[in-house]
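Q: Structure file model.cif (mmCIF, C-alpha atoms and all ligand atoms) is given on the next line.
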```cif
data_entry
loop_
_atom_site.label_atom_id
_atom_site.label_comp_id
_atom_site.auth_asym_id
_atom_site.auth_seq_id
_atom_site.Cartn_x
_atom_site.Cartn_y
_atom_site.Cartn_z
CA MET A 471 18.25 113.04 2.19
CA ILE A 472 14.45 112.94 1.89
CA THR A 473 12.44 113.54 5.05
CA THR A 474 8.85 114.31 6.09
CA ASN A 475 10.09 115.65 9.43
CA LEU A 476 9.14 119.33 9.53
CA GLU A 477 11.14 119.88 12.72
CA GLN A 478 14.35 118.77 10.99
CA ALA A 479 13.77 121.27 8.17
CA ILE A 480 13.07 124.08 10.66
CA ILE A 481 16.31 123.37 12.54
CA ALA A 482 18.35 123.41 9.31
CA LEU A 483 16.72 126.65 8.11
CA ASN A 484 17.30 128.29 11.51
CA GLN A 485 20.98 127.34 11.10
CA ASN A 486 20.98 129.17 7.75
CA GLN A 487 21.23 125.98 5.71
CA ALA A 488 19.49 125.51 2.34
CA VAL A 489 16.60 123.02 2.38
CA ALA A 490 14.48 121.82 -0.55
CA ILE A 491 10.80 122.42 0.16
CA PRO A 492 7.57 121.49 -1.60
CA THR A 493 5.27 124.13 -3.09
CA GLU A 494 2.18 123.72 -5.24
CA THR A 495 4.17 124.69 -8.37
CA VAL A 496 7.61 123.03 -8.16
CA TYR A 497 10.03 122.23 -5.33
CA GLY A 498 12.06 125.21 -4.15
CA LEU A 499 15.61 125.39 -2.78
CA ALA A 500 14.88 127.51 0.26
CA ALA A 501 16.90 129.55 2.73
CA ASN A 502 16.47 132.47 5.13
CA ALA A 503 15.69 135.43 2.86
CA PHE A 504 17.15 137.85 5.41
CA ASN A 505 20.52 136.12 5.73
CA LYS A 506 23.18 136.75 3.11
CA SER A 507 25.30 133.67 3.79
CA ALA A 508 22.23 131.39 3.67
CA ILE A 509 21.34 132.84 0.27
CA GLU A 510 24.89 132.42 -1.01
CA LYS A 511 24.51 128.68 -0.35
CA VAL A 512 21.42 128.56 -2.55
CA TYR A 513 23.19 130.20 -5.49
CA ALA A 514 26.20 127.94 -5.06
CA LEU A 515 24.20 124.70 -4.80
CA LYS A 516 22.19 125.56 -7.91
CA ASN A 517 25.23 126.82 -9.74
CA ARG A 518 23.12 129.87 -10.45
CA PRO A 519 24.71 133.11 -11.63
CA LEU A 520 24.48 135.87 -9.02
CA TYR A 521 22.73 138.19 -11.48
CA ASN A 522 19.61 136.00 -11.37
CA PRO A 523 17.30 137.07 -8.53
CA LEU A 524 15.29 134.73 -6.30
CA ILE A 525 11.61 134.60 -5.31
CA VAL A 526 10.76 135.38 -1.67
CA HIS A 527 8.03 133.23 -0.08
CA ILE A 528 5.97 134.75 2.72
CA ARG A 529 3.42 133.06 4.96
CA SER A 530 0.49 135.34 4.15
CA TYR A 531 -0.55 138.62 2.56
CA ASP A 532 -0.22 140.27 5.98
CA TYR A 533 3.56 139.86 5.81
CA LEU A 534 3.92 141.57 2.43
CA THR A 535 4.95 144.96 3.83
CA LEU A 536 7.91 143.31 5.55
CA VAL A 537 9.56 142.78 2.17
CA ALA A 538 7.75 145.19 -0.19
CA LYS A 539 6.77 148.87 -0.21
CA ASP A 540 4.87 151.34 -2.47
CA ILE A 541 2.52 148.51 -3.39
CA PRO A 542 0.24 149.43 -6.33
CA GLU A 543 -3.54 148.93 -6.01
CA MET A 544 -3.43 146.46 -8.86
CA ALA A 545 -0.89 144.32 -7.01
CA ILE A 546 -3.15 144.28 -3.95
CA ALA A 547 -6.10 143.19 -6.09
CA LEU A 548 -4.01 140.39 -7.65
CA ALA A 549 -2.67 139.22 -4.29
CA LYS A 550 -6.16 139.16 -2.79
CA LYS A 551 -7.46 137.11 -5.70
CA PHE A 552 -4.62 134.62 -6.18
CA TRP A 553 -2.78 134.21 -2.83
CA PRO A 554 -1.97 131.75 -1.52
CA GLY A 555 -1.17 130.59 -5.02
CA PRO A 556 1.14 130.50 -8.03
CA LEU A 557 1.38 134.24 -8.66
CA THR A 558 4.64 136.12 -8.07
CA LEU A 559 4.56 139.92 -7.86
CA LEU A 560 7.53 142.20 -8.56
CA LEU A 561 7.40 145.07 -6.05
CA ASN A 562 9.78 147.66 -4.62
CA LYS A 563 11.84 145.99 -1.92
CA THR A 564 12.26 147.08 1.68
CA GLU A 565 15.66 147.52 3.38
CA LEU A 566 15.23 144.15 5.09
CA VAL A 567 15.72 142.26 1.82
CA PRO A 568 19.44 141.86 1.09
CA ASP A 569 20.67 142.84 -2.36
CA ILE A 570 21.85 139.30 -3.05
CA VAL A 571 18.22 138.09 -3.04
CA THR A 572 17.19 140.57 -5.73
CA ALA A 573 20.53 140.54 -7.56
CA GLY A 574 20.86 144.25 -6.94
CA ASN A 575 17.39 145.08 -8.29
CA SER A 576 15.24 147.60 -6.43
CA THR A 577 12.32 145.18 -6.87
CA VAL A 578 11.71 141.92 -5.02
CA ALA A 579 9.76 138.93 -6.39
CA VAL A 580 7.29 137.70 -3.77
CA ARG A 581 4.52 135.15 -3.39
CA VAL A 582 2.54 133.12 -0.83
CA PRO A 583 2.79 129.43 -1.77
CA ASN A 584 -0.37 127.33 -1.61
CA HIS A 585 1.02 124.15 -0.09
CA ILE A 586 0.11 122.90 3.35
CA VAL A 587 3.68 121.84 4.24
CA ALA A 588 5.27 125.07 2.95
CA LEU A 589 2.75 127.19 4.88
CA GLU A 590 3.20 125.15 8.05
CA LEU A 591 6.95 125.66 7.71
CA LEU A 592 6.65 129.42 7.08
CA ASN A 593 4.40 129.70 10.12
CA GLN A 594 7.01 128.14 12.36
CA ILE A 595 10.01 130.25 11.36
CA SER A 596 10.59 133.96 11.90
CA PHE A 597 11.81 134.88 8.40
CA PRO A 598 10.58 134.55 4.79
CA LEU A 599 12.18 131.97 2.51
CA ALA A 600 13.99 132.88 -0.67
CA ALA A 601 13.65 129.91 -3.00
CA PRO A 602 14.38 129.39 -6.66
CA SER A 603 13.26 126.10 -8.20
CA ALA A 604 15.30 123.22 -6.72
CA ASN A 605 17.08 122.17 -9.91
CA PRO A 606 20.59 122.82 -11.18
CA PHE A 607 20.59 126.03 -13.24
CA GLY A 608 19.02 125.55 -16.67
CA SER A 609 17.65 122.03 -16.17
CA ILE A 610 14.09 120.73 -15.69
CA SER A 611 12.31 121.88 -12.53
CA PRO A 612 11.49 119.22 -9.91
CA THR A 613 7.89 118.26 -9.15
CA SER A 614 8.71 115.52 -6.61
CA ALA A 615 11.16 115.05 -3.75
CA LYS A 616 12.77 112.27 -5.80
CA HIS A 617 13.53 114.67 -8.69
CA VAL A 618 15.38 116.95 -6.27
CA GLN A 619 17.30 114.11 -4.68
CA LEU A 620 18.46 112.81 -8.06
CA ALA A 621 19.83 116.24 -9.02
CA PHE A 622 21.80 117.02 -5.83
CA ASP A 623 24.13 115.34 -3.35
CA ASP A 624 22.41 113.23 -0.74
CA ASP A 625 23.39 115.60 2.08
CA LEU A 626 20.83 118.15 0.83
CA LEU A 627 17.76 117.92 3.04
CA VAL A 628 14.59 117.52 0.95
CA LEU A 629 11.31 118.04 2.77
CA ASP A 630 8.85 115.70 1.09
CA GLY A 631 5.40 117.17 0.49
CA GLY A 632 4.31 114.78 -2.25
CA GLU A 633 3.95 115.57 -5.94
CA CYS A 634 3.36 119.21 -6.85
CA GLU A 635 -0.28 119.86 -7.62
CA ARG A 636 0.36 122.50 -10.32
CA GLY A 637 3.64 121.28 -11.79
CA LEU A 638 4.64 124.56 -13.51
CA GLU A 639 6.26 127.62 -11.94
CA SER A 640 4.31 130.69 -10.82
CA THR A 641 3.19 133.40 -13.22
CA ILE A 642 5.33 136.52 -12.69
CA ILE A 643 3.77 139.99 -12.91
CA GLY A 644 5.46 143.37 -12.51
CA PHE A 645 4.05 146.90 -12.78
CA LYS A 646 4.96 149.91 -14.88
CA ASN A 647 3.01 153.16 -15.27
CA ASN A 648 -0.02 151.65 -13.51
CA GLN A 649 -0.11 148.73 -15.92
CA ALA A 650 0.65 145.08 -15.31
CA VAL A 651 3.64 143.57 -17.11
CA LEU A 652 4.02 139.83 -17.70
CA TYR A 653 7.56 138.59 -16.92
CA ARG A 654 6.92 134.85 -17.11
CA HIS A 655 4.03 132.66 -18.19
CA GLY A 656 3.16 130.30 -15.36
CA SER A 657 0.58 128.24 -13.53
CA ILE A 658 -2.09 130.92 -13.68
CA ALA A 659 -3.36 131.41 -17.21
CA LEU A 660 -3.01 134.90 -18.66
CA GLU A 661 -6.77 134.98 -19.27
CA GLU A 662 -7.29 134.82 -15.47
CA ILE A 663 -4.76 137.58 -14.74
CA VAL A 664 -6.25 139.92 -17.32
CA LYS A 665 -9.65 139.68 -15.62
CA VAL A 666 -8.08 141.58 -12.71
CA THR A 667 -5.52 143.81 -14.43
CA GLY A 668 -7.13 144.61 -17.76
CA ALA A 669 -4.74 144.78 -20.74
CA LEU A 670 -1.16 143.98 -19.84
CA THR A 671 2.13 144.31 -21.64
CA PHE A 672 4.97 141.79 -21.99
CA ALA A 673 8.31 142.48 -20.35
CA THR A 674 11.01 143.45 -22.82
CA SER A 675 14.68 142.69 -22.32
CA ALA A 676 15.10 146.28 -21.07
CA ASP A 677 12.59 145.52 -18.26
CA LYS A 678 14.47 142.35 -17.34
CA ASN A 679 17.63 143.91 -16.06
CA PRO A 680 19.36 141.88 -14.77
CA ILE A 681 18.17 138.99 -16.88
CA SER A 682 15.43 136.68 -15.56
CA PRO A 683 16.70 133.12 -15.89
CA GLY A 684 13.22 131.68 -16.29
CA THR A 685 13.00 133.82 -19.36
CA LEU A 686 16.44 133.01 -20.78
CA SER A 687 15.94 131.43 -24.17
CA LYS A 688 17.61 128.16 -23.06
CA HIS A 689 16.10 126.93 -19.79
CA TYR A 690 13.97 124.11 -18.35
CA ALA A 691 15.89 121.76 -20.62
CA PRO A 692 16.27 117.98 -20.59
CA LYS A 693 19.68 116.58 -21.61
CA THR A 694 18.12 114.78 -24.59
CA ASP A 695 17.53 116.88 -27.74
CA ILE A 696 13.93 117.93 -28.01
CA TYR A 697 11.92 119.03 -31.05
CA ILE A 698 8.49 120.62 -30.98
CA THR A 699 5.97 120.22 -33.80
CA ASN A 700 2.29 119.96 -34.60
CA ARG A 701 2.99 117.02 -36.93
CA VAL A 702 4.68 114.43 -34.75
CA GLU A 703 4.30 111.50 -37.12
CA GLU A 704 5.78 113.39 -40.06
CA LEU A 705 8.75 114.65 -38.09
CA MET A 706 9.51 111.11 -36.86
CA LYS A 707 10.16 110.00 -40.43
CA ILE A 708 13.15 112.35 -40.64
CA PHE A 709 14.91 110.29 -37.96
CA PRO A 710 15.02 106.64 -39.09
CA ASN A 711 17.06 104.29 -36.89
CA LYS A 712 16.97 106.70 -33.95
CA LYS A 713 15.56 105.98 -30.52
CA ILE A 714 12.63 108.37 -30.44
CA GLY A 715 10.55 109.45 -27.46
CA ALA A 716 7.26 111.29 -27.87
CA LEU A 717 5.62 113.77 -25.52
CA LEU A 718 1.96 114.04 -26.48
CA PHE A 719 -1.11 115.92 -25.29
CA LYS A 720 -4.03 113.44 -25.44
CA GLN A 721 -3.43 110.54 -27.73
CA LYS A 722 -0.72 107.94 -28.13
CA ILE A 723 0.65 107.21 -31.57
CA LYS A 724 0.65 103.73 -33.06
CA SER A 725 4.04 103.44 -34.66
CA PRO A 726 6.95 101.03 -34.32
CA MET A 727 9.28 104.03 -34.76
CA ILE A 728 8.51 105.25 -31.26
CA ASN A 729 10.61 103.83 -28.46
CA PHE A 730 8.80 105.45 -25.55
CA GLN A 731 5.81 107.80 -25.37
CA VAL A 732 3.90 109.74 -22.73
CA THR A 733 0.54 111.50 -22.94
CA LEU A 734 -0.01 114.39 -20.55
CA SER A 735 -3.80 114.29 -20.33
CA GLU A 736 -5.97 111.67 -21.97
CA SER A 737 -9.06 113.73 -21.18
CA GLY A 738 -7.56 116.79 -22.91
CA SER A 739 -7.27 118.96 -19.79
CA LEU A 740 -4.56 121.63 -20.07
CA GLU A 741 -4.40 121.84 -16.25
CA GLU A 742 -3.69 118.13 -15.99
CA ALA A 743 -1.14 118.36 -18.82
CA ALA A 744 0.62 121.22 -16.98
CA THR A 745 0.80 119.17 -13.78
CA ASN A 746 2.36 116.24 -15.62
CA LEU A 747 4.77 118.07 -17.98
CA TYR A 748 8.00 118.13 -15.94
CA ALA A 749 7.59 114.62 -14.56
CA ALA A 750 7.17 113.41 -18.16
CA LEU A 751 10.29 115.30 -19.26
CA HIS A 752 12.29 113.84 -16.36
CA GLU A 753 11.07 110.36 -17.31
CA LEU A 754 11.77 110.76 -21.04
CA ASP A 755 15.22 112.10 -20.20
CA SER A 756 16.03 108.93 -18.22
CA LYS A 757 15.25 106.52 -21.08
CA GLY A 758 18.48 106.81 -23.05
CA LEU A 759 16.69 108.20 -26.12
CA ASP A 760 18.37 109.92 -29.07
CA LEU A 761 15.68 112.57 -29.24
CA ILE A 762 12.30 113.63 -27.91
CA ILE A 763 9.54 114.88 -30.19
CA ALA A 764 6.99 117.03 -28.35
CA GLU A 765 3.57 117.93 -29.65
CA GLN A 766 2.76 121.64 -29.82
CA PHE A 767 -0.06 122.55 -27.40
CA PRO A 768 -3.12 124.72 -28.11
CA ASP A 769 -2.15 128.39 -27.70
CA GLU A 770 -4.66 129.14 -24.92
CA GLY A 771 -4.84 128.97 -21.13
CA LEU A 772 -2.01 126.88 -19.66
CA GLY A 773 -1.23 125.66 -23.19
CA LYS A 774 0.68 128.97 -23.58
CA THR A 775 2.86 128.17 -20.54
CA ILE A 776 3.47 124.61 -21.72
CA ASN A 777 4.48 125.84 -25.20
CA ASP A 778 6.75 128.46 -23.60
CA ARG A 779 8.59 125.82 -21.54
CA LEU A 780 8.84 123.40 -24.47
CA ALA A 781 10.22 126.14 -26.72
CA ARG A 782 12.93 126.98 -24.15
CA ALA A 783 13.76 123.29 -23.76
CA THR A 784 14.50 123.01 -27.51
CA LYS A 785 17.06 125.82 -27.54
CA LYS A 786 20.71 124.90 -27.91
O1 LIG B 1 6.70 128.67 -8.78
C1 LIG B 1 7.74 129.29 -8.60
O2 LIG B 1 7.84 130.50 -8.89
C2 LIG B 1 8.91 128.52 -7.99
C3 LIG B 1 8.56 128.11 -6.58
C4 LIG B 1 9.69 127.46 -5.85
O3 LIG B 1 8.06 129.23 -5.89
N1 LIG B 1 10.11 129.29 -8.04
C5 LIG B 1 10.77 129.58 -9.19
O4 LIG B 1 11.95 130.25 -8.97
O5 LIG B 1 10.37 129.27 -10.28
P1 LIG B 1 13.06 130.48 -10.10
O6 LIG B 1 14.22 131.06 -9.42
O7 LIG B 1 13.29 129.22 -10.83
O8 LIG B 1 12.47 131.58 -10.99
C6 LIG B 1 12.36 132.89 -10.46
C7 LIG B 1 12.15 133.85 -11.58
C8 LIG B 1 13.37 134.02 -12.40
O9 LIG B 1 13.01 134.04 -13.77
C9 LIG B 1 13.91 135.36 -11.90
O10 LIG B 1 14.71 136.01 -12.82
C10 LIG B 1 12.63 136.10 -11.65
O11 LIG B 1 11.84 135.13 -11.01
N2 LIG B 1 12.84 137.21 -10.72
C11 LIG B 1 13.09 137.15 -9.40
N3 LIG B 1 13.26 138.38 -8.90
C12 LIG B 1 13.11 139.24 -9.91
C13 LIG B 1 13.19 140.65 -10.04
N4 LIG B 1 13.45 141.44 -9.01
N5 LIG B 1 12.99 141.20 -11.28
C14 LIG B 1 12.73 140.40 -12.34
N6 LIG B 1 12.65 139.06 -12.29
C15 LIG B 1 12.84 138.49 -11.10
MG MG B 2 13.77 127.85 -12.12
#
```
Show this structure as structure tokens.
A:
Amino acid sequence: MITTNLEQAIIALNQNQAVAIPTETVYGLAANAFNKSAIEKVYALKNRPLYNPLIVHIRSYDYLTLVAKDIPEMAIALAKKFWPGPLTLLLNKTELVPDIVTAGNSTVAVRVPNHIVALELLNQISFPLAAPSANPFGSISPTSAKHVQLAFDDDLLVLDGGECERGLESTIIGFKNNQAVLYRHGSIALEEIVKVTGALTFATSADKNPISPGTLSKHYAPKTDIYITNRVEELMKIFPNKKIGALLFKQKIKSPMINFQVTLSESGSLEEAATNLYAALHELDSKGLDLIIAEQFPDEGLGKTINDRLARATKK
């Protein structure tokens, strides 16, 4: 059920129910981060394996020490620069955070969302919210209340906060030996992070223990087969008599072979393309196509995050 009634969401969360909430990145499936049975509901609804930890959302930087301890200077600098915003930090957890939230890890993923409704909500409850993206495990993340509603039973309460301004999940950064480690490309371009952290390393599978689902090779996937290429028109020719959809950066293609096509930013803005990506994938996936051909994005700024998500969507 979609609602704009904040009070209704607060009541449900206080009763340890799961509620879908808007954030600036994607919608989250939220519950009381300090209550084990509330968190169990989130995993069950999403059909998410218990080894995949959740992100904890706090109302402001001042609440960080409630959930995290031994916070490195670099993490403080990042939080001060990017919060509220789409940056998740992996930090040592406090006793207050139940193991189920972190899937047994000693670190907790934490961020302050930059969305007026989410912040209003967090200000009116007495606990942080653990929230993974509000999509069934492995499928495309939701960037509107409608996307969430279509993916779950109607008895799930969805707090409508409009379309997500960023449209891609948060960038996830951890720390090792006083260096930043990238766990997931996200809504903040790597170039921006590096300005604060200096050189960073990329998390290896040994760092991701247990596995991070957002970094599983198959994730963020539409049901329709998807191919990624920098030569869309040539690839189309391999599939005669198929219903083809195209996901393009700036320019549409003039070809009778294409059944349905979407451009993500006619002006060529990677930020705008990022905002529109998941909505376009949801739409393409609803058109009864045989396949989707996606254009490879420039390997810079948010183009890196878009290419990362497209690559994971192509995996079988
Ligand atoms: O933008 C976002 O980050 C959205 C909104 C709702 O905040 N949330 C989101 O959550 O994308 P989710 O569950 O779809 O992705 C969380 C990612 C996963 O890849 C998970 O493995 C990783 O965070 N993660 C959480 N806790 C972790 C930990 N302690 N160590 C390593 N990775 C962790
Ligand atoms: Mg997710």
Q: Using only C-alpha atoms, list the residues that have an atom at most 12 Å from (6.1, 153.2, -2.6), coordinates as in the file, as a list in words.
A: Thr535, Val537, Ala538, Lys539, Asp540, Ile541, Pro542, Glu543, Leu561, Asn562, Lys563, Thr564, Ser576 and Thr577 of chain A
Q: Could you report the residues within 9 Å of ligand MG 2 (chain B), using all atoms listed in the file, as a ChimeraX atom specification?
A: /A:496,498,602-611,639,683-684,689-690
Q: Given the point (4.1, 114.8, -31.5) in the coordinates of this file, which residues lie within 8 Å, counting only C-alpha atoms, and how would they look as a list in words?
A: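 These residues have at least one counted atom within 8 Å: Ile698, Thr699, Asn700, Arg701, Val702, Glu703, Ala716, Leu717, Leu718, Ile763, Ala764, Glu765 and Gln766 of chain A.
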Q: Using only C-alpha atoms and all ligand atoms, can you tell me which of A:Arg581, A:His617, A:Lys707, A:Lys785 comes closest to ligand LIG 1 (chain B)?
A: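 Of A:Arg581, A:His617, A:Lys707, A:Lys785, the one nearest ligand LIG 1 (chain B), counting only C-alpha atoms and all ligand atoms, is A:Arg581.
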Q: Find the residues around Ala600 in chain A up to 12 Å (only C-alpha atoms counted), leave out those fewer than 4 positions away in its own chain, and share them as a ChimeraX atom specification.
A: /A:483,486-491,498-506,508-513,523-529,537,567-568,570-572,578-583,592,604
Q: Could you pull the residues within 9 Å of Phe622 in chain A, counting all atoms listed in the file, minus those fewer than 3 positions along the same chain, as a PyMOL selection string?
A: chain A and resi 515-516+605-606+618-619+625-626
Q: Is it possible to add N, CA, C and O atoms to range 528-548 of chain A and hand it back as a JSON list (two decimals), in the coordinates of the input?
A:
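Contents of the output file out17.json:
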```
[["chain", "number", "residue", "atom", "x", "y", "z"],
["A", 528, "ILE", "N", 6.45, 134.28, 1.41],
["A", 528, "ILE", "CA", 5.97, 134.75, 2.72],
["A", 528, "ILE", "C", 4.76, 133.92, 3.15],
["A", 528, "ILE", "O", 4.12, 133.28, 2.32],
["A", 529, "ARG", "N", 4.46, 133.96, 4.46],
["A", 529, "ARG", "CA", 3.42, 133.06, 4.96],
["A", 529, "ARG", "C", 2.00, 133.53, 4.66],
["A", 529, "ARG", "O", 1.09, 132.73, 4.54],
["A", 530, "SER", "N", 1.82, 134.85, 4.52],
["A", 530, "SER", "CA", 0.49, 135.34, 4.15],
["A", 530, "SER", "C", 0.60, 136.78, 3.66],
["A", 530, "SER", "O", 1.65, 137.43, 3.83],
["A", 531, "TYR", "N", -0.48, 137.24, 3.07],
["A", 531, "TYR", "CA", -0.55, 138.62, 2.56],
["A", 531, "TYR", "C", -0.15, 139.63, 3.63],
["A", 531, "TYR", "O", 0.50, 140.64, 3.33],
["A", 532, "ASP", "N", -0.51, 139.33, 4.88],
["A", 532, "ASP", "CA", -0.22, 140.27, 5.98],
["A", 532, "ASP", "C", 1.26, 140.55, 6.16],
["A", 532, "ASP", "O", 1.64, 141.53, 6.80],
["A", 533, "TYR", "N", 2.12, 139.70, 5.66],
["A", 533, "TYR", "CA", 3.56, 139.86, 5.81],
["A", 533, "TYR", "C", 4.21, 140.60, 4.63],
["A", 533, "TYR", "O", 5.41, 140.81, 4.60],
["A", 534, "LEU", "N", 3.37, 140.98, 3.66],
["A", 534, "LEU", "CA", 3.92, 141.57, 2.43],
["A", 534, "LEU", "C", 4.74, 142.83, 2.70],
["A", 534, "LEU", "O", 5.81, 143.03, 2.11],
["A", 535, "THR", "N", 4.25, 143.68, 3.62],
["A", 535, "THR", "CA", 4.95, 144.96, 3.83],
["A", 535, "THR", "C", 6.30, 144.80, 4.54],
["A", 535, "THR", "O", 7.08, 145.73, 4.60],
["A", 536, "LEU", "N", 6.58, 143.59, 5.00],
["A", 536, "LEU", "CA", 7.91, 143.31, 5.55],
["A", 536, "LEU", "C", 8.96, 143.35, 4.44],
["A", 536, "LEU", "O", 10.09, 143.79, 4.65],
["A", 537, "VAL", "N", 8.59, 142.89, 3.27],
["A", 537, "VAL", "CA", 9.56, 142.78, 2.17],
["A", 537, "VAL", "C", 9.32, 143.77, 1.03],
["A", 537, "VAL", "O", 10.22, 144.02, 0.23],
["A", 538, "ALA", "N", 8.08, 144.31, 0.94],
["A", 538, "ALA", "CA", 7.75, 145.19, -0.19],
["A", 538, "ALA", "C", 7.13, 146.50, 0.27],
["A", 538, "ALA", "O", 6.44, 146.54, 1.29],
["A", 539, "LYS", "N", 7.37, 147.57, -0.54],
["A", 539, "LYS", "CA", 6.77, 148.87, -0.21],
["A", 539, "LYS", "C", 6.21, 149.52, -1.49],
["A", 539, "LYS", "O", 6.43, 148.99, -2.59],
["A", 540, "ASP", "N", 5.51, 150.62, -1.34],
["A", 540, "ASP", "CA", 4.87, 151.34, -2.47],
["A", 540, "ASP", "C", 4.03, 150.38, -3.32],
["A", 540, "ASP", "O", 4.17, 150.36, -4.54],
["A", 541, "ILE", "N", 3.22, 149.59, -2.67],
["A", 541, "ILE", "CA", 2.52, 148.51, -3.39],
["A", 541, "ILE", "C", 1.33, 149.06, -4.20],
["A", 541, "ILE", "O", 0.43, 149.67, -3.62],
["A", 542, "PRO", "N", 1.33, 148.90, -5.52],
["A", 542, "PRO", "CA", 0.24, 149.43, -6.33],
["A", 542, "PRO", "C", -1.10, 148.74, -6.03],
["A", 542, "PRO", "O", -1.11, 147.56, -5.67],
["A", 543, "GLU", "N", -2.19, 149.48, -6.22],
["A", 543, "GLU", "CA", -3.54, 148.93, -6.01],
["A", 543, "GLU", "C", -3.74, 147.63, -6.79],
["A", 543, "GLU", "O", -4.36, 146.68, -6.32],
["A", 544, "MET", "N", -3.23, 147.63, -8.00],
["A", 544, "MET", "CA", -3.43, 146.46, -8.86],
["A", 544, "MET", "C", -2.75, 145.22, -8.27],
["A", 544, "MET", "O", -3.27, 144.10, -8.38],
["A", 545, "ALA", "N", -1.61, 145.44, -7.64],
["A", 545, "ALA", "CA", -0.89, 144.32, -7.01],
["A", 545, "ALA", "C", -1.71, 143.78, -5.84],
["A", 545, "ALA", "O", -1.80, 142.56, -5.63],
["A", 546, "ILE", "N", -2.33, 144.70, -5.09],
["A", 546, "ILE", "CA", -3.15, 144.28, -3.95],
["A", 546, "ILE", "C", -4.33, 143.45, -4.45],
["A", 546, "ILE", "O", -4.64, 142.38, -3.90],
["A", 547, "ALA", "N", -4.95, 143.92, -5.53],
["A", 547, "ALA", "CA", -6.10, 143.19, -6.09],
["A", 547, "ALA", "C", -5.66, 141.79, -6.55],
["A", 547, "ALA", "O", -6.36, 140.79, -6.29],
["A", 548, "LEU", "N", -4.50, 141.70, -7.18],
["A", 548, "LEU", "CA", -4.01, 140.39, -7.65],
["A", 548, "LEU", "C", -3.70, 139.47, -6.47],
["A", 548, "LEU", "O", -4.06, 138.29, -6.47]]
```
